[in-house]
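Right, one structure below, let's go through it.
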Amino acid sequence: MTLKTLEDTPTAVPNPPTAKKLPKVDVVHGDVRQDDYFWLREKSNPEVAAYLEAENAYSDALMKPTEAFQGALYDEMLARIQETDVQVPYRHGAYFYYSRTEAGKQYPILCRKHGSLDAPEEVTLDLNALAEGHTFLSLGTYVVSDDGHLLAYSTDTTGFRQYDLFIKDLRTGVTGPALAARTGSAAWAADNRTLFYTVEDEATKRQYRLYRHELGAATPDGLVYEEADEAFNVGVGRTRSRAYLVLGAGSLTTSEASALAADDPRGIWRTIAPRVHDQEYDVDHHGGFFYLRVNDTGRNFRLVKAPVEAPGRENWTEVVPHRPEVMLEGADFFQDFYVLLEREKGLPRLRVVDLGSGGSADVPFPEPAYSVFPAANMEWQTRKFRYSYESLVTPRSIFDYDVDARASLLLKETPVLGGYDRTQYTSERLFATAPDGVQVPLSIVYRKGTPRDGSAPTLLGGYGAYGFPLPVTFSSGRLSLLDRGMVVALAHVRGGGEMGKPWHDDGRMLKKRNTFTDFIACAEELTARGYTSADRLAIEGGSAGGLLMGAVTNMRPELFHAVVSHVPFVDVINTMLDPTLPLTVGEYEEWGNPQIKEHYDYMKTYCPYTNLDAKRYPSLLVKTSFNDSQVMYWEPAKYVAKLRTLKTDTSPLLLKTNMGAGHGGSSGRYDRLREVAFDYAFILGQMGIAR
């Protein structure tokens, strides 16, 4: 069945829900603004939940003819997954840690073995047991004390990203009562009894306080630090050398760090370098020096070292200079070497540097588009660096890089059951030309034999915000699209970090529209090269990528046939006008502050909710979660309610709300797979593919 219009649907469906209008008028910079659906923000109002459930019922009714197809998609995607599996163990202290899954269980089981992989298994946390009685479970912190006796962990059971912190005695298996609520990061001191942890401000959801907890103490946990600047969040961690605890405070453009000797938990935290506006740095440690990745001399960062006893800027010595063409994304230090995490021409790379000789080597990667990330590297004294590699055709693979041999050893490639043959698929990388002449990367995958005559259905994804590169990753589920003749492409638009910090700068604040015109250029490139055509093109994005979906759909609705928008940030102006909402103040540096007229006027040119108009739109599936703390459910709900009154077509418009989850949707792996099957049935149905 092709879900092109309601009339195409062979079974009766109800009329789409109609949200009542309760006009709310604001005047901003002399601009009179009416918001008929402001009332949908009232989460405790039963009418709000009733409206969302009505939209769910409507979506389910419209998609009912695809139920068998959804089931088939789910079954074939599940059949590719090795349900009972064990991840590669990593060493930390006297133990080897790993996670494993069991068929039929939604969540991983976290385990360890003492001294040897042949030792008896100890279960540190069974997330399935923790999830009992809950529709959602997310694990936050998971840190073990140096002696291996105590585990600090945190869980969220609503999806609102409010984590309760617990301490479990791994010797007895006894978990104490919740130590604190709304926690973020945590780190043990070297005494195995002092835990530092951060807590969020309940109103704004920013991590703003650092506390010290001492086991067995009769006094309340001591407040160590409070961050007053509402644009800043704090986090605490421990260097790989185990010598220092580091407290980081940062906004989206500025950061500062303080350090404390791990063996002196009641000592004084010392600021490494006071914050300077628009300068970011992070810290690692080796011997008598702190090593800082900092963007003080150029946007793409350099590496400097500073004496531990006097780490101020006046004592910095350059180790790796700033390079305009290379983004330094990170630096990982070990006893005898360090690894530079770099990105050049949009592609990541690893450069391993020997601290003794100063010699270096790049880790080679064979494919035109890929992702590589550090894996679990907990040991300080080692000659190996563990990393994760994958591409659009290569499943996630864990490697150990031998520093002496300058060679990588594959430890495990994620199994893809059912006879997956990667040689039957092609991965490509090409560039689209933006209106200002900038070359925008595209990563593409398709099954060999897919026609290049404009007839192939295509799914184009994008994000483009916060300087985050859109990862080029493998998905066994995606094979269900490729094997049905779809091309899948990723648009690496400005606002992301693919080409370094300037790539981000050119897609934020008063340059945000570049993100949207880049994406449109990518869509046009795909059609010009014959990969697809406008009536065969679907697009997909989530969160800030959902903003992208809303903006380009308003700008060029005729260019896209279908849109899937996950937890979309579509009500930009109203959200950014409300500093009481979580995240708003901290994100002025990404989107701008509409209290400033220049910022307001610019936002008004692209805000999806503001720019909805009476015209034809593509088919849309809009998805949200009732407990989302990052993009509140009411943004997509208002967007759909308003669009229903304006669109002049009969193409499907679906709003699907997960009433028991947060920003990432369902937490259980089987539940997530069913959500993907729903999305794929919608996308494929729009392309006339029903089996």
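Following the order of the structure tokens, chains are lettered A, B, ..., residues in each are numbered from 1, and ligands are numbered from 1.
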Next item on the list: Taking the chain letters and numbering used in this document, name the residues of range 241-289 of chain A that DSSP puts in strand (DSSP E), as an MDAnalysis selection string.
Entry: chainID A and resid 244:250 255:261 270:271 281:286 289
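Across range 354-509 of chain A, DSSP run on the backbone finds helix (DSSP H, G or I) at Arg422, Thr423, Gln424, Leu479, Ser480, Leu481, Leu482, Lys501, Pro502, Trp503, His504, Asp505 and Met509 of chain A.
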Go ahead and save the residues from that selection, with N, CA and C atoms, as an mmCIF file, in the first residue's frame.
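Result went into part12.cif, see below:
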```cif
data_model
loop_
_atom_site.group_PDB
_atom_site.id
_atom_site.type_symbol
_atom_site.label_atom_id
_atom_site.label_comp_id
_atom_site.auth_asym_id
_atom_site.auth_seq_id
_atom_site.Cartn_x
_atom_site.Cartn_y
_atom_site.Cartn_z
ATOM 1 N N ARG A 422 29.158 -7.873 2.461
ATOM 2 C CA ARG A 422 29.421 -6.439 2.262
ATOM 3 C C ARG A 422 29.849 -6.108 0.841
ATOM 4 N N THR A 423 30.342 -7.108 0.113
ATOM 5 C CA THR A 423 30.776 -6.839 -1.257
ATOM 6 C C THR A 423 29.596 -6.537 -2.177
ATOM 7 N N GLN A 424 28.384 -6.773 -1.699
ATOM 8 C CA GLN A 424 27.199 -6.486 -2.504
ATOM 9 C C GLN A 424 26.707 -5.050 -2.340
ATOM 10 N N LEU A 479 19.782 -2.404 6.206
ATOM 11 C CA LEU A 479 19.785 -3.340 5.081
ATOM 12 C C LEU A 479 18.373 -3.592 4.564
ATOM 13 N N SER A 480 17.382 -3.427 5.425
ATOM 14 C CA SER A 480 15.997 -3.607 4.989
ATOM 15 C C SER A 480 15.573 -2.536 3.998
ATOM 16 N N LEU A 481 16.228 -1.393 4.023
ATOM 17 C CA LEU A 481 15.996 -0.365 3.009
ATOM 18 C C LEU A 481 16.830 -0.636 1.766
ATOM 19 N N LEU A 482 18.116 -0.909 1.964
ATOM 20 C CA LEU A 482 19.017 -1.093 0.835
ATOM 21 C C LEU A 482 18.595 -2.283 -0.022
ATOM 22 N N LYS A 501 36.023 23.384 13.568
ATOM 23 C CA LYS A 501 35.247 24.405 14.275
ATOM 24 C C LYS A 501 34.668 25.471 13.337
ATOM 25 N N PRO A 502 35.388 25.916 12.315
ATOM 26 C CA PRO A 502 34.785 26.895 11.403
ATOM 27 C C PRO A 502 33.535 26.372 10.700
ATOM 28 N N TRP A 503 33.473 25.053 10.469
ATOM 29 C CA TRP A 503 32.284 24.450 9.870
ATOM 30 C C TRP A 503 31.074 24.621 10.787
ATOM 31 N N HIS A 504 31.325 24.504 12.075
ATOM 32 C CA HIS A 504 30.273 24.760 13.067
ATOM 33 C C HIS A 504 29.901 26.236 13.082
ATOM 34 N N ASP A 505 30.900 27.097 13.126
ATOM 35 C CA ASP A 505 30.645 28.538 13.187
ATOM 36 C C ASP A 505 29.801 29.020 12.015
ATOM 37 N N MET A 509 24.069 30.567 15.018
ATOM 38 C CA MET A 509 23.764 31.975 15.256
ATOM 39 C C MET A 509 23.221 32.631 13.973
#
```
Checklist line | Neighbour list for Leu460 in chain A as a ChimeraX atom specification, cut-off 7 Å, only C-alpha atoms, skip fewer than 2 positions in-chain | finding: /A:458,462,488-491,538-540
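Note that CA of Val493 in chain A and CA of Gly507 in chain A are 8.0 Å apart.
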Item checked: Point-to-point distance from CA of Asp263 in chain A to CA of Arg386 in chain A, Å rounded to tenths ->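 About the pair CA of Asp263 in chain A and CA of Arg386 in chain A: they are 27.8 Å apart.
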Next item on the list: Extract, using only C-alpha atoms, all DNA, RNA and protein residues at most 6 Å from range 543-548 of chain A, discarding same-chain residues fewer than 3 positions from it, and format them as an MDAnalysis selection string.
Entry: chainID A and resid 462:463 551 565:570
Generate a file of the selected residues that holds C-alpha atoms, formatted as a PDB file, in the first residue's frame.
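Final file, part.pdb:
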```
ATOM      1  CA  GLY A 462      21.109  15.326   8.257  1.00  0.00           C
ATOM      2  CA  TYR A 463      21.797  17.083  11.559  1.00  0.00           C
ATOM      3  CA  ALA A 551      13.113  24.469   7.851  1.00  0.00           C
ATOM      4  CA  SER A 565      11.140  14.132  11.943  1.00  0.00           C
ATOM      5  CA  HIS A 566      12.204  12.811  15.352  1.00  0.00           C
ATOM      6  CA  VAL A 567      11.757  14.956  18.488  1.00  0.00           C
ATOM      7  CA  PRO A 568      12.108  18.055  16.273  1.00  0.00           C
ATOM      8  CA  PHE A 569      13.196  21.434  17.600  1.00  0.00           C
ATOM      9  CA  VAL A 570      10.626  23.267  15.496  1.00  0.00           C
TER      10      VAL A 570
END
```
Write out as a CSV table (one decimal) with N, CA and C atoms, in the first residue's frame the residues lying within 7 Å of Trp316 in chain A, counting only C-alpha atoms and excluding same-chain residues fewer than 6 positions away.
```
chain,number,residue,atom,x,y,z
A,304,VAL,N,49.0,22.0,24.1
A,304,VAL,CA,50.0,22.7,24.9
A,304,VAL,C,50.2,21.9,26.1
A,305,LYS,N,51.4,22.0,26.8
A,305,LYS,CA,51.6,21.4,28.1
A,305,LYS,C,51.9,22.5,29.1
A,306,ALA,N,51.6,22.3,30.3
A,306,ALA,CA,51.7,23.3,31.4
A,306,ALA,C,52.2,22.6,32.7
```
Next item on the list: Could you please determine the separation between CA of Lys511 in chain A and CA of Val28 in chain A in Å, to one decimal place?
Entry: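 If I compute the distance from CA of Lys511 in chain A to CA of Val28 in chain A, I get 21.7 Å.
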Margin query: Neighbouring residues of Lys448 in chain A were defined as those with any atom within 12 Å, considering only C-alpha atoms; residues of the same chain fewer than 4 positions away were excluded. Please report them as number ranges by chain.
Written below: A: 393, 421-428, 452, 482-487
Item checked: Exercise: range 273-285 of chain A partners within 7 Å, only C-alpha atoms, chain neighbours under 3 positions left out, as a PyMOL selection string -> chain A and resi 239+241+253-257+289-296+311-313+333
